[in-house]
Amino acid sequence: MIDQLTKYAAKLAEAGLCAPGEPLLAAWDAELCFSHAGDARQPLAEAVLQGLGASALLLAEPTGACQGAMLALARQAREAGESAIIPGDCETRTFLHDLPVVDAETAPAWPVDAPGSRAPGAAADPLDGLASPLATALDNPLDNPLTNPLTNPLDNALDNALTNALTNALTNALMRRKGCIILRQGRVLMAAAGSVSPEQTFVTASSMAFACFVAYFAQYLAAARAGRLTAAQRDEFAHIRTLLQADLARLPSAAPQLSPGPFANADQARAAMIQAGRAVVEYGLVDSSFGNVSCRQNTPEGELLLISQTGSALDELSGLIDPCRMDGSSCVGLTASSEYPAHKAIYDGGPARALLHGHPRFAVILSLDCDKADCPGRGNCHRSCATPRAVLAPAMPAWNTPAGDTATGDTPSPLLIPIVPGEVGAGPYGLCNTLPPALNDDGGRRGAIVYGHGLFATGRADFCEAFATLHGVERFCREEYFRRVAQLDKQSGAG
Amino acid sequence: MTEQVFGWTGRCLRVDLGTGACESFPLPQEVRLEFLGGRGLGAYFLRDFATLPCDHPDLPLIIAAGPLTGTQAPASSRCHVVSRSPLTGAVGDASVGGRLGLELKHAGYDALVITGQAQNLCGIEIDDGQTRLTDASALGGLPTPEAFTRLRAHRHTGSIALTGPAAENGCRFASIMVDTYHMAARCGLGLVAGHKRLKYLAIRGSGSVNVAEPAALAEADEDILRLVNASPALMGQYGFSRHGTRSLFDLIDARRMMPTDNFRHTHFAAAGGLNAHAYAQRHHPVCRGCPGCPVACKALSADGRPLPEYEAMSHFTALIGNSMMELAMRAGDFCACLGLDPVSAASALACHRELTGEDYAPDRLLALLLGMATGNGPEGRLGRELGQGAAAYAAAQGRPELAMAVKGLDLPPFDPRGAYGLALACAVSTQGGSHLHANPLSHEVLRKPVATDRFSFSGKARSIKGAEDLHAASDSLTICGHLLLAAGMEEYAKAYCAVTGVAATGADLLRAGERICLQERLLNAQNGFAAAADDLPARFFLEPGSGAPDLPVPPIPRQDFLRARAAYYRVRGLDENGLPLRETAARLGLPWPQKLADKESA
């Protein structure tokens, strides 16, 4: 079990969501075990696990822009008297519903004599040393003489009462939801519980980080459009943007090595899917347990739709690809991705041979941006939208075709990436109804964004083109986002 | 002034078939909150009668709906049947679809408690507040479709539950059929009705269920339906909404978990031609789902026969070495007509086949089913022996190890060597060899909420305990277990609060589930069930399954199993012998049974 705990703690760090060694994961079967020893949060984790009777618990402090975004949203919720953050992204709406905020600002610091009070080996947060008001607030609480128990020891009874209050509040929040956010000593901490395995806590934490990131940037842009940004919000935003730049600097810049198609057989196609899935995660285009990948492949036994299994991590696809028969003559794909119906319809109605689906953050954020403040459909945009919407991204060749995306040498055209509504999976509002026509329109498009959800990119032979679309559209959307913010600032006179 | 009750009706009905007395009585609030409904209420009403023999007139047969039944909460229209199982001697329970729970609630009752023994075959007819007993002698011996047809001639609306010939003739795995096509299949609860000479129950209600906060219920429904639509197993291209549970057939065989030849093998070579697609091609299914269910997994063939669910589909082919789809169809149809649990019927056949080496010709197989249910026909004598269940039959033949059962309840078509959580769940289930009280297939095969290593016991003790609590809560809210592949108590708690007006979290409902599980353990403990009964047939620890080069299926490591079971006992609050601890019962507010107290003092 400990190997699972350390694995998911490491994956949070690899995704850039937490500092290495910081996340504390606990698993409780007959005995309790932790991802690492000597963490001062262990008694809290144990007490909460016992209160819940759950199998697994995670306590992890997000870093960088995720910390900034989550903290800003948690404070907004507290100031508004709300007990939870309600992000508008698809994953939260479907699986988490809302993110309770546990206000534990007054809880005592973790005991400093325990090695885990600051995670062993934790990397310095890029926040440290920054001079903005937010940076001061987010600074390491142990450096703060007002909260450091060594310099300002609290009365033990009060200490215990506050700790018990935190335990109870956290337990109560996790009785209601899979995960919650703890606002504590000027920072936020994610907590998540699982009934089956530690992986659940990792999935929930990843979702919360993604949801808060998207919600913060989307809300900021909406506030800018409405002309109701304050100076403090602008400062906060500027600071989080700085953190984001540091986050982005961690991502690889060189092109990934992806196998060119067409693939000779199903094994080659599977290998290419594994390769592409790993690249999508490494380049920060999806959080590990989300997204999906598929490939249409001829085999001597008939045509297959190879697709990642539901809940599989895109960076660990080996052995987790379902061979679904295109003629539907076997149900062995019962464990296929929830987006299988959409993938199937895309292959049935268009030229795509490969599909990559990620959750690139700024593509999702831009899909939420709408300037129709008085639209009667507002609030229902994830289900339907009367206005055709799209992102017009610059032309982008596949990674392995630097000269352009046509054999003629003509200047490639800009990419029209439609934005469509649709909920996860099937059902009357399912994206299986909206996405296939959008991607198969005009002889086949290279990508489409599902509102508040993610980007689906196609390839006609392999994953090179699809990956280039995913990566390029996200880069464009990020630039476009900040361009829109700057333009709105300029219009409001704040720029 | 009468207290307004939301969700529940707050009333139950007791019918004594011996005296003819029908008494409506209140269901106190504390019982509602602690046992919820359905399976929980069944355990509650059974607890003072747990040790009575199954043919004792005072042993109650309980049919209970849940607080959500009759509301818009998705897939909540089911009800639960509970009594002591004639097949196992343990507590027996079965969830059943159709309109029975719905009509019971609309008639004004949360539960029906049937006691006594009639002189002749009788029926109970409930029309709102009016209850009467009828003479059902004319229905004796009829196949269930004919009995339904006759009853429908004078009861066009409402729900009808009835037993088949199997219940009248002492078959220990007799089922109860509801609204022609739905079956309370497991544990032989039809025979409890048979002992009481109860042939049918017809309920018609015109009332409605009070919902405390309709707008909040609509929100909860939306959350649940969103998750259902996102579930590949339920609504995907190959999901239950397309093919019913027949969708599982290919996957279970591909995972090398298909019980074949009485669990001697775990892969069936003929599976490819007998899968859900093949059924769809040949039989053109017509949907007949339960009311208010978004999945609607039940289907009939174009010629009006019920299409087998996965359990019958698998056990009437792979388990008994049959590769003819039409024979599997007919066997499933025979079970429905005769009122037999198809899992136990097929298991008895498989046990006999292994014992004798006999392969079944179609006529012989169908004659044996007829014999199991009626004791008549060309195979009446052997059929009657098999009708006592595989465990009793194998024991009588001096080969008890050939019964693939736990506590006498035959195992479902999922080989425990292919999923160790499943192995543990089947071993410790209070009803015996069934996955339904924990459904570890959810994470070990279907990857929900996340995938777990199916060849490992790591973490399984607590997750099985948690899943048992979850399923006990869901069976007590009378939600279809399939929905738990998508939504959980987090979502259903919102619906529960909206319907009942009771403030509760998912954790509160799980606590109720824990109480119900322990109550069932207490019932079983009084009947002598302990660790020795929480075990699997030796085959699973000694013989490998039919692995593939890249997918070995070794025997279950015995010591690992025993360690996981011991861990489960600790997590569940049981002693080393699997018996409830007094402090666990006290923590959950359950009275300590006098029989256990007497045993302690002795």
# chains A, B, ... in the order shown; residues from 1 in each chain; ligands from 1
call {"tool": "closest_atom_pairs", "arguments": {"of": "chain B", "to": "chain A", "cutoff": "7 Å", "atoms": "only C-alpha atoms", "output": "CSV"}}
result
residue,atom,partner,partner_atom,distance
B:Asp223,CA,A:Thr94,CA,7.0
B:Arg226,CA,A:Thr94,CA,6.2
B:Leu227,CA,A:Thr94,CA,6.1
B:Asn229,CA,A:Ala426,CA,5.1
B:Ala230,CA,A:Gly425,CA,4.4
B:Ser231,CA,A:Ser338,CA,6.1
B:Pro232,CA,A:Ser338,CA,4.8
B:Ala233,CA,A:Leu334,CA,5.8
B:Met235,CA,A:Ala426,CA,6.3
B:Gly236,CA,A:Ser338,CA,6.5
B:Gln237,CA,A:Pro341,CA,5.8
B:Tyr238,CA,A:Leu334,CA,5.3
B:Gly239,CA,A:Leu334,CA,6.2
B:Ser247,CA,A:Cys331,CA,5.6
B:Asp250,CA,A:Val332,CA,5.1
B:Leu251,CA,A:Val332,CA,4.6
B:His277,CA,A:Ser329,CA,5.4
B:Leu446,CA,A:Thr335,CA,5.7
B:Arg447,CA,A:Gly311,CA,6.7
B:Val450,CA,A:Gly311,CA,6.4
B:Ser458,CA,A:Met1,CA,6.5
B:Gly459,CA,A:Asp29,CA,5.1
B:Ala461,CA,A:Asp29,CA,6.1
B:Arg462,CA,A:Asp29,CA,5.1
B:Ser463,CA,A:Val196,CA,5.0
B:Gly466,CA,A:Ser195,CA,6.7
B:Glu490,CA,A:Arg176,CA,6.3
B:Thr505,CA,A:Arg176,CA,5.6
B:Gly506,CA,A:Arg176,CA,6.2
B:Ala507,CA,A:Met175,CA,5.2
B:Ala567,CA,A:Ala30,CA,5.2
B:Arg570,CA,A:Ala30,CA,6.8
B:Val571,CA,A:Ala30,CA,6.1
call {"tool": "residues_around", "arguments": {"residues": "B:Asp359", "least_positions_apart": "4", "cutoff": "8 Å", "atoms": "only C-alpha atoms", "output": "number ranges by chain"}}
result
B: 320-321, 353
call {"tool": "write_last_selection", "arguments": {"atoms": "N, CA and C atoms", "output": "short mmCIF file (atom, residue, chain, number, x, y, z; two decimals), in the first residue's frame"}}
result
data_model
loop_
_atom_site.label_atom_id
_atom_site.label_comp_id
_atom_site.auth_asym_id
_atom_site.auth_seq_id
_atom_site.Cartn_x
_atom_site.Cartn_y
_atom_site.Cartn_z
N ILE B 320 -22.45 -24.82 -17.24
CA ILE B 320 -22.93 -26.18 -17.45
C ILE B 320 -22.49 -26.74 -18.81
N GLY B 321 -21.58 -26.02 -19.48
CA GLY B 321 -21.03 -26.52 -20.74
C GLY B 321 -22.01 -26.51 -21.89
N ARG B 353 -23.45 -32.30 -12.89
CA ARG B 353 -22.67 -32.61 -14.10
C ARG B 353 -21.25 -32.97 -13.74
#
call {"tool": "residues_around", "arguments": {"residues": "stretch 444-448 of chain A", "least_positions_apart": "2", "cutoff": "7 Å", "atoms": "only C-alpha atoms", "output": "JSON, numbers by chain"}}
result
{"A": [350, 351, 417, 418, 419, 438, 439, 440, 441, 442, 450, 455, 456, 457, 458, 469]}
call {"tool": "write_last_selection", "arguments": {"atoms": "C-alpha atoms", "output": "mmCIF file, in the first residue's frame"}}
result
data_model
loop_
_atom_site.group_PDB
_atom_site.id
_atom_site.type_symbol
_atom_site.label_atom_id
_atom_site.label_comp_id
_atom_site.auth_asym_id
_atom_site.auth_seq_id
_atom_site.Cartn_x
_atom_site.Cartn_y
_atom_site.Cartn_z
ATOM 1 C CA GLY A 350 -15.174 11.847 -40.703
ATOM 2 C CA PRO A 351 -11.593 11.327 -41.810
ATOM 3 C CA ILE A 417 -11.564 25.472 -33.457
ATOM 4 C CA PRO A 418 -15.293 25.391 -32.672
ATOM 5 C CA ILE A 419 -16.495 25.674 -29.087
ATOM 6 C CA ALA A 438 -18.311 19.987 -35.054
ATOM 7 C CA LEU A 439 -15.187 17.935 -35.729
ATOM 8 C CA ASN A 440 -16.486 16.363 -38.911
ATOM 9 C CA ASP A 441 -17.709 19.620 -40.393
ATOM 10 C CA ASP A 442 -15.977 21.093 -43.435
ATOM 11 C CA VAL A 450 -16.099 21.418 -25.344
ATOM 12 C CA LEU A 455 -10.033 20.103 -26.252
ATOM 13 C CA PHE A 456 -10.433 17.190 -28.657
ATOM 14 C CA ALA A 457 -7.827 17.077 -31.411
ATOM 15 C CA THR A 458 -7.770 14.832 -34.465
ATOM 16 C CA THR A 469 -3.146 21.016 -32.293
#
call {"tool": "residues_around", "arguments": {"residues": "stretch 44-56 of chain B", "least_positions_apart": "6", "cutoff": "10 Å", "atoms": "only C-alpha atoms", "output": "PyMOL selection string"}}
result
chain B and resi 31+34-35+37+62+82-87+89-91+111+113+115-117+189+191-196+516+519-520+522-528+590-591+593-595
call {"tool": "residues_around", "arguments": {"residues": "stretch 231-241 of chain A", "least_positions_apart": "3", "cutoff": "6 Å", "atoms": "only C-alpha atoms", "output": "JSON, numbers by chain"}}
result
{"A": [65, 68, 244]}
call {"tool": "residues_around", "arguments": {"residues": "B:Ala373", "least_positions_apart": "2", "cutoff": "8 Å", "atoms": "only C-alpha atoms", "output": "MDAnalysis selection string"}}
result
chainID B and resid 165:167 169:171 174 338:340 369:371 375 383:384 387
call {"tool": "select_by_dssp", "arguments": {"residues": "stretch 313-416 of chain B", "states": "strand (DSSP E or B)", "output": "list in words"}}
result
Leu340, Ala405, Val406, Leu409 and Asp410 of chain B
call {"tool": "write_last_selection", "arguments": {"atoms": "all heavy atoms", "output": "short mmCIF file (atom, residue, chain, number, x, y, z; two decimals), in the first residue's frame"}}
result
data_model
loop_
_atom_site.label_atom_id
_atom_site.label_comp_id
_atom_site.auth_asym_id
_atom_site.auth_seq_id
_atom_site.Cartn_x
_atom_site.Cartn_y
_atom_site.Cartn_z
N LEU B 340 -38.01 -20.21 -10.26
CA LEU B 340 -36.72 -20.72 -9.78
C LEU B 340 -35.66 -19.63 -9.89
O LEU B 340 -35.66 -18.86 -10.86
CB LEU B 340 -36.25 -21.89 -10.66
CG LEU B 340 -37.04 -23.19 -10.61
CD1 LEU B 340 -36.57 -24.10 -11.76
CD2 LEU B 340 -36.83 -23.90 -9.28
N ALA B 405 -20.62 -22.90 -3.47
CA ALA B 405 -21.54 -22.06 -2.70
C ALA B 405 -20.86 -21.58 -1.43
O ALA B 405 -19.87 -22.17 -0.98
CB ALA B 405 -22.80 -22.86 -2.34
N VAL B 406 -21.37 -20.51 -0.88
CA VAL B 406 -20.95 -20.02 0.43
C VAL B 406 -22.19 -19.96 1.32
O VAL B 406 -23.20 -19.38 0.91
CB VAL B 406 -20.31 -18.62 0.32
CG1 VAL B 406 -19.99 -18.06 1.72
CG2 VAL B 406 -19.04 -18.67 -0.52
N LEU B 409 -25.45 -20.66 -0.38
CA LEU B 409 -25.93 -19.85 -1.50
C LEU B 409 -24.92 -19.93 -2.64
O LEU B 409 -23.73 -19.63 -2.46
CB LEU B 409 -26.14 -18.39 -1.09
CG LEU B 409 -26.77 -17.51 -2.17
CD1 LEU B 409 -28.21 -17.92 -2.45
CD2 LEU B 409 -26.74 -16.03 -1.77
N ASP B 410 -25.42 -20.34 -3.79
CA ASP B 410 -24.54 -20.59 -4.93
C ASP B 410 -23.91 -19.31 -5.45
O ASP B 410 -24.56 -18.26 -5.50
CB ASP B 410 -25.36 -21.26 -6.03
CG ASP B 410 -26.13 -22.45 -5.47
OD1 ASP B 410 -25.51 -23.50 -5.28
OD2 ASP B 410 -27.34 -22.27 -5.16
#
call {"tool": "closest_residue", "arguments": {"among": "B:Arg246, B:His352, B:His106, B:Arg186", "to": "B:Arg11", "atoms": "only C-alpha atoms"}}
result
B:His106
call {"tool": "closest_residue", "arguments": {"among": "A:Ile181, A:Cys385, A:Leu189, A:Ala10", "to": "A:Ala84", "atoms": "only C-alpha atoms"}}
result
A:Ile181
call {"tool": "residues_around", "arguments": {"residues": "B:Ile556", "least_positions_apart": "4", "cutoff": "9 Å", "atoms": "only C-alpha atoms", "output": "list in words"}}
result
Pro416, Arg417, Gly418, Tyr420, Ala423, Phe455, Phe540, Phe541, Leu542, Glu543, Pro544, Asp560 and Phe561 of chain B
call {"tool": "write_last_selection", "arguments": {"atoms": "C-alpha atoms", "output": "compact mmCIF listing (two decimals), in the first residue's frame"}}
result
# COMPACT_ATOMS: atom_id res chain seq x y z
CA PRO B 416 -13.31 -15.19 -7.27
CA ARG B 417 -9.83 -16.18 -8.47
CA GLY B 418 -10.04 -13.24 -10.85
CA TYR B 420 -9.73 -10.91 -4.63
CA ALA B 423 -13.52 -13.37 -3.12
CA PHE B 455 -5.16 -9.80 -7.83
CA PHE B 540 -10.46 -21.58 -5.33
CA PHE B 541 -7.43 -22.01 -3.08
CA LEU B 542 -6.12 -25.15 -4.75
CA GLU B 543 -6.75 -24.98 -8.49
CA PRO B 544 -5.71 -22.25 -10.94
CA ASP B 560 -3.58 -13.85 2.22
CA PHE B 561 -7.30 -14.55 2.16
